[in-house]
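Visitor: Got a structure for you, work-v7.tsv, holding TSV, C-alpha atoms.
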chain	number	residue	atom	x	y	z
W	1	MET	CA	67.11	103.74	118.76
W	2	LEU	CA	69.87	105.82	120.31
W	3	ASN	CA	70.15	105.81	124.09
W	4	GLU	CA	69.46	109.41	125.07
W	5	PRO	CA	72.20	109.89	127.73
W	6	VAL	CA	74.76	108.48	125.32
W	7	SER	CA	73.46	110.42	122.34
W	8	SER	CA	73.47	113.81	124.05
W	9	ALA	CA	77.16	113.54	124.91
W	10	LEU	CA	78.00	112.02	121.54
W	11	LEU	CA	76.11	114.69	119.65
W	12	ARG	CA	77.98	117.46	121.46
W	13	GLU	CA	81.23	115.81	120.42
W	14	ALA	CA	80.00	115.31	116.85
W	15	THR	CA	79.10	118.99	116.65
W	16	GLN	CA	82.69	119.86	117.54
W	17	TRP	CA	83.93	117.53	114.80
W	18	ARG	CA	81.53	119.04	112.29
W	19	ARG	CA	82.68	122.56	113.05
W	20	HIS	CA	86.30	121.47	112.81
W	21	PHE	CA	85.64	120.06	109.33
W	22	HIS	CA	83.79	123.24	108.36
W	23	ALA	CA	86.67	125.45	109.42
W	24	ASN	CA	89.20	123.28	107.56
W	25	PRO	CA	87.66	122.43	104.17
W	26	GLU	CA	89.51	120.40	101.58
W	27	LEU	CA	88.61	119.83	97.93
W	28	GLY	CA	88.13	116.47	96.22
W	29	PHE	CA	91.13	114.10	96.41
W	30	GLU	CA	92.82	116.64	98.70
W	31	GLU	CA	91.09	115.57	101.93
W	32	PHE	CA	94.36	114.57	103.60
W	33	GLU	CA	93.83	116.29	106.95
W	34	THR	CA	90.15	115.35	107.01
W	35	ALA	CA	91.04	111.71	106.36
W	36	LYS	CA	93.73	111.76	109.07
W	37	PHE	CA	91.26	113.23	111.57
W	38	VAL	CA	88.72	110.53	110.70
W	39	SER	CA	91.27	107.69	110.88
W	40	ASP	CA	92.63	108.91	114.22
W	41	ARG	CA	89.13	108.98	115.71
W	42	LEU	CA	88.26	105.54	114.30
W	43	ARG	CA	91.33	104.04	115.99
W	44	GLU	CA	90.34	105.71	119.25
W	45	PHE	CA	86.88	104.14	118.98
W	46	GLY	CA	88.37	100.65	118.53
W	47	VAL	CA	86.84	99.70	115.20
W	48	ASP	CA	87.87	96.25	114.01
W	49	GLU	CA	89.42	97.11	110.64
W	50	ILE	CA	90.53	100.26	108.84
W	51	GLU	CA	91.69	100.58	105.25
W	52	GLU	CA	93.06	103.98	104.27
W	53	ASN	CA	94.23	105.77	101.12
W	54	ILE	CA	91.56	104.25	98.90
W	55	ALA	CA	91.40	106.27	95.68
W	56	GLY	CA	93.79	108.65	97.41
W	57	THR	CA	92.02	109.72	100.57
W	58	GLY	CA	89.12	107.30	101.03
W	59	ILE	CA	88.68	105.20	104.17
W	60	VAL	CA	86.67	102.08	105.00
W	61	ALA	CA	86.10	101.00	108.61
W	62	THR	CA	84.52	97.72	109.69
W	63	ILE	CA	82.75	97.22	113.03
W	64	ARG	CA	81.61	93.72	114.05
W	65	GLY	CA	78.39	93.26	115.98
W	66	LYS	CA	77.83	91.07	119.04
W	67	ARG	CA	75.80	88.56	117.07
W	68	PRO	CA	77.88	86.76	114.41
W	69	SER	CA	76.32	86.74	110.97
W	70	ASN	CA	77.25	87.02	107.31
W	71	ARG	CA	75.11	90.16	107.07
W	72	ARG	CA	77.03	93.33	106.11
W	73	ILE	CA	75.43	96.79	105.94
W	74	GLY	CA	77.35	99.53	104.12
W	75	ILE	CA	77.03	103.22	105.00
W	76	ARG	CA	78.70	106.04	103.08
W	77	ALA	CA	79.54	109.69	103.78
W	78	ASP	CA	81.27	112.18	101.47
W	79	MET	CA	84.14	114.32	102.83
W	80	ASP	CA	85.01	116.99	100.25
W	81	ALA	CA	84.30	120.72	100.14
W	82	LEU	CA	83.68	123.12	97.25
W	83	PRO	CA	85.80	125.87	95.60
W	84	ILE	CA	83.53	128.62	96.95
W	85	ARG	CA	84.43	131.67	99.04
W	86	GLU	CA	82.43	131.61	102.26
W	87	ILE	CA	80.50	134.78	103.17
W	88	GLY	CA	78.94	133.53	106.41
W	89	ASN	CA	80.04	134.99	109.73
W	90	VAL	CA	79.97	131.93	111.97
W	91	GLU	CA	82.89	131.58	114.36
W	92	TYR	CA	83.93	128.33	112.69
W	93	ARG	CA	83.85	129.75	109.16
W	94	SER	CA	86.36	128.47	106.60
W	95	ARG	CA	89.98	129.29	107.34
W	96	THR	CA	90.94	128.60	103.73
W	97	GLU	CA	90.13	131.36	101.28
W	98	GLY	CA	88.12	130.15	98.30
W	99	LYS	CA	87.11	126.81	99.84
W	100	MET	CA	84.11	125.95	102.01
W	101	HIS	CA	81.70	123.21	103.00
W	102	ALA	CA	78.79	124.63	101.03
W	103	CYS	CA	77.00	121.28	100.63
W	104	GLY	CA	77.09	119.89	104.16
W	105	HIS	CA	79.67	117.16	103.70
W	106	ASP	CA	81.18	118.35	106.98
W	107	GLY	CA	77.92	117.28	108.61
W	108	HIS	CA	77.76	113.99	106.70
W	109	THR	CA	81.29	113.06	107.80
W	110	ALA	CA	80.57	113.99	111.41
W	111	ILE	CA	77.39	111.89	111.32
W	112	LEU	CA	79.20	108.79	110.06
W	113	LEU	CA	82.04	109.32	112.54
W	114	ALA	CA	79.52	109.60	115.41
W	115	THR	CA	77.78	106.48	114.10
W	116	ALA	CA	81.11	104.65	114.20
W	117	LYS	CA	81.71	105.65	117.82
W	118	TYR	CA	78.24	104.58	118.88
W	119	LEU	CA	78.33	101.23	117.08
W	120	ALA	CA	81.86	100.43	118.28
W	121	SER	CA	80.76	101.03	121.88
W	122	THR	CA	77.46	99.09	121.78
W	123	ARG	CA	77.87	96.48	119.00
W	124	ASP	CA	74.18	95.63	119.45
W	125	PHE	CA	73.67	94.32	115.92
W	126	GLU	CA	74.14	91.29	113.69
W	127	GLY	CA	77.05	90.88	111.33
W	128	ASP	CA	79.22	93.81	110.24
W	129	ALA	CA	78.75	97.53	109.74
W	130	VAL	CA	81.01	98.75	106.94
W	131	LEU	CA	81.57	102.52	106.91
W	132	PHE	CA	82.77	104.21	103.70
W	133	PHE	CA	84.31	107.70	104.00
W	134	GLN	CA	84.40	108.82	100.37
W	135	PRO	CA	86.50	111.56	98.74
W	136	ALA	CA	85.61	113.77	95.81
W	137	GLU	CA	81.85	113.66	95.38
W	138	GLU	CA	81.70	117.27	94.15
W	139	SER	CA	82.60	118.92	90.85
W	140	GLY	CA	82.21	115.82	88.70
W	141	LEU	CA	85.26	114.13	90.26
W	142	VAL	CA	83.27	110.89	90.88
W	143	GLY	CA	85.20	109.66	93.88
W	144	ALA	CA	82.67	106.85	94.29
W	145	ARG	CA	83.62	105.43	90.90
W	146	ARG	CA	87.30	105.77	91.75
W	147	MET	CA	86.81	103.81	95.00
W	148	ILE	CA	84.93	101.08	93.16
W	149	GLU	CA	87.59	100.93	90.44
W	150	ALA	CA	90.16	100.56	93.24
W	151	GLY	CA	88.37	97.35	94.29
W	152	VAL	CA	86.76	98.61	97.49
W	153	LEU	CA	83.64	96.46	97.09
W	154	GLU	CA	85.70	93.34	96.41
W	155	ARG	CA	87.69	93.85	99.61
W	156	HIS	CA	84.69	95.12	101.61
W	157	PRO	CA	81.55	93.51	100.14
W	158	VAL	CA	78.18	94.59	101.52
W	159	ASP	CA	74.62	93.29	101.15
W	160	GLN	CA	73.12	96.76	100.99
W	161	MET	CA	74.52	100.30	100.86
W	162	PHE	CA	73.01	103.50	102.25
W	163	ALA	CA	73.88	107.20	102.16
W	164	LEU	CA	72.20	110.38	103.32
W	165	HIS	CA	72.18	114.02	102.28
W	166	ASN	CA	70.93	117.06	104.12
W	167	THR	CA	68.07	118.95	102.49
W	168	PRO	CA	67.41	122.66	103.10
W	169	GLY	CA	63.71	123.38	103.51
W	170	LEU	CA	62.98	119.93	104.93
W	171	PRO	CA	62.35	120.28	108.69
W	172	VAL	CA	65.12	119.20	111.02
W	173	GLY	CA	64.31	115.79	112.49
W	174	THR	CA	62.67	114.58	109.29
W	175	VAL	CA	63.81	111.68	107.11
W	176	ALA	CA	62.60	111.51	103.49
W	177	ILE	CA	62.83	108.35	101.37
W	178	GLY	CA	61.94	107.98	97.69
W	179	ARG	CA	61.69	105.06	95.30
W	180	GLY	CA	63.26	104.56	91.92
W	181	ALA	CA	65.20	107.50	90.48
W	182	VAL	CA	65.82	110.01	93.28
W	183	MET	CA	68.63	112.06	91.71
W	184	ALA	CA	69.46	112.80	88.10
W	185	ALA	CA	72.24	111.66	85.85
W	186	TYR	CA	74.48	114.56	85.02
W	187	ASP	CA	76.61	114.91	81.92
W	188	PHE	CA	78.67	117.71	80.40
W	189	PHE	CA	79.32	118.68	76.80
W	190	THR	CA	81.62	121.02	74.91
W	191	ILE	CA	81.08	121.95	71.26
W	192	VAL	CA	83.94	123.63	69.39
W	193	ILE	CA	83.01	125.41	66.15
W	194	HIS	CA	85.97	125.68	63.79
W	195	GLY	CA	85.05	128.47	61.38
W	196	LYS	CA	87.01	130.99	59.33
W	197	GLY	CA	87.88	134.40	60.66
W	198	ALA	CA	87.65	137.66	58.72
W	199	HIS	CA	87.45	141.42	59.10
W	200	ALA	CA	84.05	142.50	60.42
W	201	SER	CA	83.52	144.57	57.22
W	202	ARG	CA	83.91	141.45	55.05
W	203	PRO	CA	81.60	138.81	56.60
W	204	HIS	CA	81.21	137.10	53.22
W	205	MET	CA	84.85	136.05	53.52
W	206	SER	CA	84.21	134.25	56.81
W	207	VAL	CA	82.58	131.14	58.16
W	208	ASP	CA	81.25	132.96	61.18
W	209	PRO	CA	81.38	130.80	64.34
W	210	VAL	CA	79.35	133.37	66.30
W	211	VAL	CA	76.40	133.10	63.93
W	212	ILE	CA	76.75	129.32	63.90
W	213	SER	CA	76.83	129.17	67.71
W	214	SER	CA	73.66	131.27	67.84
W	215	ALA	CA	71.89	128.86	65.50
W	216	LEU	CA	73.22	125.91	67.46
W	217	VAL	CA	72.04	127.24	70.84
W	218	SER	CA	68.53	127.65	69.45
W	219	ALA	CA	68.53	124.23	67.80
W	220	LEU	CA	69.70	122.46	70.95
W	221	GLN	CA	66.52	123.59	72.70
W	222	THR	CA	64.67	121.03	70.57
W	223	VAL	CA	66.59	118.09	72.04
W	224	VAL	CA	64.24	117.86	75.00
W	225	SER	CA	61.10	119.28	73.41
W	226	ARG	CA	61.20	117.14	70.26
W	227	SER	CA	63.39	114.10	70.98
W	228	VAL	CA	62.58	113.11	74.58
W	229	ASP	CA	59.29	111.52	75.61
W	230	PRO	CA	57.29	114.23	77.45
W	231	ARG	CA	56.70	111.78	80.30
W	232	GLU	CA	60.45	111.74	81.00
W	233	MET	CA	62.42	114.44	82.83
W	234	ALA	CA	65.33	115.99	80.94
W	235	VAL	CA	67.21	119.29	81.02
W	236	VAL	CA	69.75	120.56	78.49
W	237	SER	CA	71.33	123.81	79.66
W	238	ILE	CA	73.76	125.93	77.65
W	239	CYS	CA	76.02	127.48	80.28
W	240	THR	CA	78.98	128.98	78.41
W	241	ILE	CA	79.59	130.61	75.01
W	242	ASN	CA	83.08	131.89	74.29
W	243	SER	CA	84.32	133.50	71.07
W	244	GLY	CA	86.30	136.48	69.86
W	245	THR	CA	88.42	139.12	71.53
W	246	VAL	CA	87.64	142.40	69.71
W	247	ASN	CA	84.48	143.86	68.17
W	248	ASN	CA	85.72	144.41	64.63
W	249	VAL	CA	87.02	140.90	63.88
W	250	ILE	CA	84.96	137.81	63.11
W	251	PRO	CA	86.73	135.12	65.13
W	252	GLN	CA	88.04	131.80	63.95
W	253	GLU	CA	86.39	129.65	66.61
W	254	ALA	CA	83.59	129.56	69.15
W	255	THR	CA	83.05	127.17	72.06
W	256	ILE	CA	79.74	126.23	73.65
W	257	GLY	CA	79.49	124.34	76.94
W	258	GLY	CA	76.59	122.94	78.88
W	259	SER	CA	75.15	120.23	81.07
W	260	ILE	CA	72.45	117.59	80.94
W	261	ARG	CA	70.19	116.17	83.65
W	262	CYS	CA	67.82	113.22	83.32
W	263	TYR	CA	66.54	110.22	85.26
W	264	SER	CA	67.37	107.31	82.94
W	265	LYS	CA	70.24	105.98	80.86
W	266	ALA	CA	67.92	105.60	77.88
W	267	VAL	CA	67.29	109.35	77.90
W	268	GLN	CA	71.04	109.95	78.33
W	269	ASP	CA	71.61	107.97	75.13
W	270	ILE	CA	69.00	110.00	73.21
W	271	ILE	CA	70.40	113.33	74.37
W	272	GLU	CA	74.01	112.45	73.62
W	273	ARG	CA	73.10	111.26	70.12
W	274	ARG	CA	70.88	114.24	69.29
W	275	ILE	CA	73.38	116.85	70.50
W	276	SER	CA	76.01	115.36	68.23
W	277	GLU	CA	73.67	115.02	65.24
W	278	ILE	CA	72.35	118.59	65.54
W	279	ALA	CA	75.80	120.11	66.04
W	280	ILE	CA	77.39	118.28	63.12
W	281	GLY	CA	74.39	118.96	60.88
W	282	ILE	CA	74.42	122.70	61.55
W	283	GLY	CA	78.17	122.75	61.03
W	284	MET	CA	77.72	121.16	57.61
W	285	ALA	CA	74.94	123.61	56.71
W	286	PHE	CA	77.22	126.58	57.44
W	287	GLY	CA	80.42	125.02	56.12
W	288	ALA	CA	82.15	124.72	59.50
W	289	GLU	CA	83.88	121.83	61.19
W	290	ILE	CA	82.25	120.89	64.49
W	291	GLU	CA	83.92	119.02	67.35
W	292	VAL	CA	81.63	117.54	70.02
W	293	GLN	CA	83.00	116.36	73.37
W	294	TYR	CA	80.42	114.61	75.56
W	295	GLU	CA	81.33	113.44	79.06
W	296	ARG	CA	79.11	111.14	81.11
W	297	SER	CA	79.86	112.16	84.66
W	298	SER	CA	77.41	110.19	86.79
W	299	PRO	CA	74.39	107.95	86.15
W	300	PRO	CA	71.03	108.54	87.83
W	301	VAL	CA	70.71	107.65	91.51
W	302	ILE	CA	68.18	104.81	91.54
W	303	ASN	CA	66.98	103.46	94.88
W	304	HIS	CA	66.28	99.74	95.06
W	305	ASP	CA	62.81	98.81	96.30
W	306	SER	CA	64.22	96.12	98.59
W	307	ALA	CA	66.54	98.63	100.29
W	308	VAL	CA	63.77	101.22	100.60
W	309	ASP	CA	61.52	98.61	102.22
W	310	PHE	CA	64.33	97.68	104.60
W	311	ALA	CA	64.98	101.35	105.49
W	312	LEU	CA	61.28	101.91	106.18
W	313	LYS	CA	61.18	98.88	108.49
W	314	ALA	CA	64.22	100.23	110.32
W	315	THR	CA	62.91	103.78	110.77
W	316	LYS	CA	59.11	103.88	110.84
W	317	GLY	CA	57.81	104.43	114.36
W	318	LYS	CA	61.28	105.54	115.46
W	319	LEU	CA	61.91	108.58	113.26
W	320	ASN	CA	59.73	111.11	111.49
W	321	VAL	CA	59.70	109.54	108.02
W	322	ILE	CA	58.22	110.90	104.79
W	323	GLU	CA	57.70	108.23	102.14
W	324	ASN	CA	57.72	108.64	98.35
W	325	TRP	CA	59.87	111.77	98.43
W	326	PRO	CA	60.02	113.17	94.88
W	327	PRO	CA	63.25	113.06	92.84
W	328	ALA	CA	65.57	116.04	92.51
W	329	PRO	CA	67.38	117.15	89.34
W	330	GLY	CA	70.76	117.39	91.05
W	331	GLY	CA	73.36	114.67	90.60
W	332	GLU	CA	75.25	112.42	93.03
W	333	ASP	CA	78.02	109.91	92.43
W	334	PHE	CA	76.54	107.53	95.03
W	335	ALA	CA	74.81	106.31	91.86
W	336	PHE	CA	77.90	104.20	91.11
W	337	PHE	CA	77.54	102.33	94.40
W	338	LEU	CA	73.85	101.73	93.68
W	339	GLU	CA	74.73	100.28	90.29
W	340	ALA	CA	76.99	97.77	92.04
W	341	VAL	CA	75.03	97.03	95.24
W	342	PRO	CA	71.35	97.26	96.26
W	343	GLY	CA	70.79	100.31	98.42
W	344	ALA	CA	69.11	103.65	98.95
W	345	TYR	CA	69.93	107.35	99.10
W	346	ILE	CA	68.01	109.09	101.88
W	347	ARG	CA	67.31	112.73	102.78
W	348	ILE	CA	67.44	114.36	106.21
W	349	GLY	CA	66.10	117.81	107.00
W	350	ASN	CA	68.44	120.78	107.33
W	351	GLY	CA	65.67	123.21	108.23
W	352	ASP	CA	65.48	126.83	107.15
W	353	SER	CA	69.02	127.17	105.79
W	354	GLU	CA	70.50	128.65	102.66
W	355	MET	CA	70.33	126.35	99.65
W	356	LEU	CA	73.12	123.90	98.85
W	357	HIS	CA	76.22	125.45	97.24
W	358	HIS	CA	75.27	128.95	98.48
W	359	PRO	CA	78.29	130.84	99.89
W	360	ALA	CA	76.47	131.32	103.20
W	361	PHE	CA	75.24	127.73	103.54
W	362	ASP	CA	75.78	126.05	106.90
W	363	PHE	CA	74.89	122.53	107.97
W	364	CYS	CA	72.45	122.51	110.89
W	365	ASP	CA	74.13	120.86	113.88
W	366	GLU	CA	70.75	119.73	115.22
W	367	ALA	CA	70.42	117.51	112.12
W	368	ILE	CA	73.34	115.36	113.29
W	369	ALA	CA	71.01	113.58	115.72
W	370	THR	CA	68.68	112.55	112.90
W	371	GLY	CA	71.53	111.31	110.72
W	372	VAL	CA	73.10	109.21	113.46
W	373	ALA	CA	69.71	107.79	114.46
W	374	LEU	CA	69.02	106.89	110.82
W	375	PHE	CA	72.32	105.08	110.32
W	376	VAL	CA	72.19	103.30	113.70
W	377	ASN	CA	68.66	102.05	113.07
W	378	LEU	CA	69.67	100.74	109.64
W	379	VAL	CA	72.53	98.75	111.19
W	380	GLU	CA	70.52	97.55	114.21
W	381	GLU	CA	67.40	96.56	112.22
W	382	LYS	CA	66.69	92.88	112.97
W	383	SER	CA	64.55	92.00	109.96
W	384	ALA	CA	66.06	90.04	107.12
W	385	ILE	CA	67.68	91.75	104.16
W	386	ASP	CA	65.84	90.84	100.96
What's the structure tokens form of this structure?
Guide:
Amino acid sequence: MLNEPVSSALLREATQWRRHFHANPELGFEEFETAKFVSDRLREFGVDEIEENIAGTGIVATIRGKRPSNRRIGIRADMDALPIREIGNVEYRSRTEGKMHACGHDGHTAILLATAKYLASTRDFEGDAVLFFQPAEESGLVGARRMIEAGVLERHPVDQMFALHNTPGLPVGTVAIGRGAVMAAYDFFTIVIHGKGAHASRPHMSVDPVVISSALVSALQTVVSRSVDPREMAVVSICTINSGTVNNVIPQEATIGGSIRCYSKAVQDIIERRISEIAIGIGMAFGAEIEVQYERSSPPVINHDSAVDFALKATKGKLNVIENWPPAPGGEDFAFFLEAVPGAYIRIGNGDSEMLHHPAFDFCDEAIATGVALFVNLVEEKSAID
């Protein structure tokens, strides 16, 4: 557990870092100043190894404990902001118009940086702590996958990998851990309907993409209700429909866009197949050519039981822990790390704040203490890793 005199001073410093990050947000793969700030601090702390510029702006720092061992615990924080205009009035509000930390990655980065300072000063653990500062988690940019493709886990192998995320509505000081799928896979699709335009007074001369898109939107609602097992979670949302420019011309084309959420790859396969089959079938029925583009952005985030058990050993009796936290339909590219390495994705409370991605969202500075305590206890846990 954190030593209180040390933690109070460290947490004041971490709050300053967090507010600096909040005031200076950078989007995915553009976190150049954020990465420089992190690297400069890591060198000041005296970590043993630093690798920079991974997948552009990613960083990995290694800290060796006092007790030699082959054990290596990985911890990850995301650094990027969102393309959202901040409406909050805090003194450290975003200085960059149209960009803000609306998801709390400023807090996550400050937590991992504070963890690095604490561990580098105490080194009261076995083996190595390997700290991953990841770019581009937001907006489907999958920075985690890019880091893995760049060979980060070959150069910095770990036995287990952990990450946290703040959760509005969960009380500050609370840690919540779930088993199995804890976040959804998220995919995107675009359907282009190639019809035949005509004057609005002569619809019989057209292959009307607007009518076809209407039929297609209705038919796609059956993907979940009639193709997915009711015991499984799945969401198919139509989010955009674009066609035409004037109200007396039947357009040539229409485009439909949407997203998918589910908790298993098997359901992903069903949804991808059925969207394509329904779209092409309706196109044939109306005499239109249909183009389906389906992009798998991120798989489901699936916690490993062994890592959950380890996290519970490390935290129970030391932190306020809620077990069996239910899954959420949002997505997270930490899923790619969990496909490669056993690990767990853990929630910490952000209290009574605005919801994530709201233009007035602000990470609760008091939650930094919980995040640092969580990460330190994971690294300092003395029980064996399964």
Visitor: Could you tell me how far atom CA of Thr190 of chain W sits from atom CA of Gly258 of chain W, in Å to one decimal place?
Guide: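 Between atom CA of Gly258 of chain W and atom CA of Thr190 of chain W the gap works out to 6.7 Å.
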Visitor: Which is closer to Ile54 of chain W than all the others in W:Gln134, W:Gly127, W:Ala116, W:Val90, using all atoms listed in the file?
Guide: W:Gln134
Visitor: Residues at most 9 Å from Val192 of chain W, counting only C-alpha atoms, excluding those fewer than 3 positions away in the same chain, as a ChimeraX atom specification?
Guide: /W:253-257,289-293
Visitor: Just the selected residues (C-alpha atoms), exported as a compact mmCIF listing (two decimals), in the frame of the given file, please.
Guide:
# COMPACT_ATOMS: atom_id res chain seq x y z
CA GLU W 253 86.39 129.65 66.61
CA ALA W 254 83.59 129.56 69.15
CA THR W 255 83.05 127.17 72.06
CA ILE W 256 79.74 126.23 73.65
CA GLY W 257 79.49 124.34 76.94
CA GLU W 289 83.88 121.83 61.19
CA ILE W 290 82.25 120.89 64.49
CA GLU W 291 83.92 119.02 67.35
CA VAL W 292 81.63 117.54 70.02
CA GLN W 293 83.00 116.36 73.37
Visitor: Just the number, please: distance in Å from atom CA of Arg179 of chain W to atom CA of Cys103 of chain W, one decimal.
Guide: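 Atom-to-atom, atom CA of Arg179 of chain W to atom CA of Cys103 of chain W, that is 22.9 Å.
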Visitor: For atom CA of Asp187 of chain W and atom CA of Glu354 of chain W, determine how far apart the two atoms are, in Å to one decimal place.
Guide: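 Atom CA of Glu354 of chain W lies 25.6 Å from atom CA of Asp187 of chain W.
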Visitor: Would you save segment 61-69 of chain W from the block above with all heavy atoms, as a CSV table (one decimal), in the first residue's frame?
Guide:
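So decode05.csv came out as:
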chain,number,residue,atom,x,y,z
W,61,ALA,N,8.5,2.1,-20.4
W,61,ALA,CA,9.5,2.3,-19.4
W,61,ALA,C,9.6,1.0,-18.5
W,61,ALA,O,8.5,0.5,-18.2
W,61,ALA,CB,9.2,3.5,-18.5
W,62,THR,N,10.8,0.6,-18.2
W,62,THR,CA,11.0,-0.5,-17.3
W,62,THR,C,11.6,-0.1,-16.0
W,62,THR,O,12.6,0.7,-16.1
W,62,THR,CB,11.9,-1.6,-18.0
W,62,THR,OG1,11.2,-2.0,-19.3
W,62,THR,CG2,12.1,-2.8,-17.2
W,63,ILE,N,11.1,-0.6,-14.9
W,63,ILE,CA,11.6,-0.3,-13.6
W,63,ILE,C,11.9,-1.7,-12.9
W,63,ILE,O,11.0,-2.5,-12.9
W,63,ILE,CB,10.6,0.5,-12.7
W,63,ILE,CG1,10.3,1.8,-13.5
W,63,ILE,CG2,11.2,0.8,-11.4
W,63,ILE,CD1,9.1,2.5,-12.8
W,64,ARG,N,13.1,-1.9,-12.5
W,64,ARG,CA,13.5,-3.1,-11.8
W,64,ARG,C,13.4,-3.1,-10.3
W,64,ARG,O,13.8,-2.1,-9.7
W,64,ARG,CB,14.9,-3.5,-12.2
W,64,ARG,CG,15.1,-3.7,-13.7
W,64,ARG,CD,16.5,-4.3,-14.1
W,64,ARG,NE,16.5,-4.5,-15.5
W,64,ARG,CZ,17.1,-3.6,-16.4
W,64,ARG,NH1,17.6,-2.5,-15.9
W,64,ARG,NH2,17.1,-3.8,-17.7
W,65,GLY,N,12.7,-4.1,-9.8
W,65,GLY,CA,12.6,-4.2,-8.3
W,65,GLY,C,13.8,-4.6,-7.6
W,65,GLY,O,14.8,-5.0,-8.2
W,66,LYS,N,13.8,-4.5,-6.3
W,66,LYS,CA,14.9,-4.8,-5.4
W,66,LYS,C,15.2,-6.3,-5.4
W,66,LYS,O,16.3,-6.8,-5.3
W,66,LYS,CB,14.7,-4.4,-4.0
W,66,LYS,CG,14.6,-2.9,-3.7
W,66,LYS,CD,14.3,-2.7,-2.2
W,66,LYS,CE,14.3,-1.2,-1.9
W,66,LYS,NZ,13.9,-1.0,-0.5
W,67,ARG,N,14.2,-7.1,-5.6
W,67,ARG,CA,14.3,-8.6,-5.6
W,67,ARG,C,14.3,-9.2,-7.0
W,67,ARG,O,13.3,-9.2,-7.7
W,67,ARG,CB,13.2,-9.2,-4.7
W,67,ARG,CG,13.2,-8.6,-3.3
W,67,ARG,CD,12.1,-9.3,-2.4
W,67,ARG,NE,10.8,-8.8,-2.8
W,67,ARG,CZ,10.2,-7.6,-2.5
W,67,ARG,NH1,11.0,-6.8,-1.8
W,67,ARG,NH2,9.0,-7.3,-2.8
W,68,PRO,N,15.5,-9.6,-7.4
W,68,PRO,CA,15.6,-10.1,-8.8
W,68,PRO,C,14.6,-11.3,-9.0
W,68,PRO,O,14.5,-12.2,-8.2
W,68,PRO,CB,17.0,-10.6,-8.9
W,68,PRO,CG,17.8,-9.8,-7.8
W,68,PRO,CD,16.8,-9.6,-6.7
W,69,SER,N,14.0,-11.3,-10.2
W,69,SER,CA,13.1,-12.3,-10.6
W,69,SER,C,12.8,-12.2,-12.1
W,69,SER,O,13.0,-11.1,-12.7
W,69,SER,CB,11.8,-12.2,-9.8
W,69,SER,OG,10.7,-13.0,-10.3
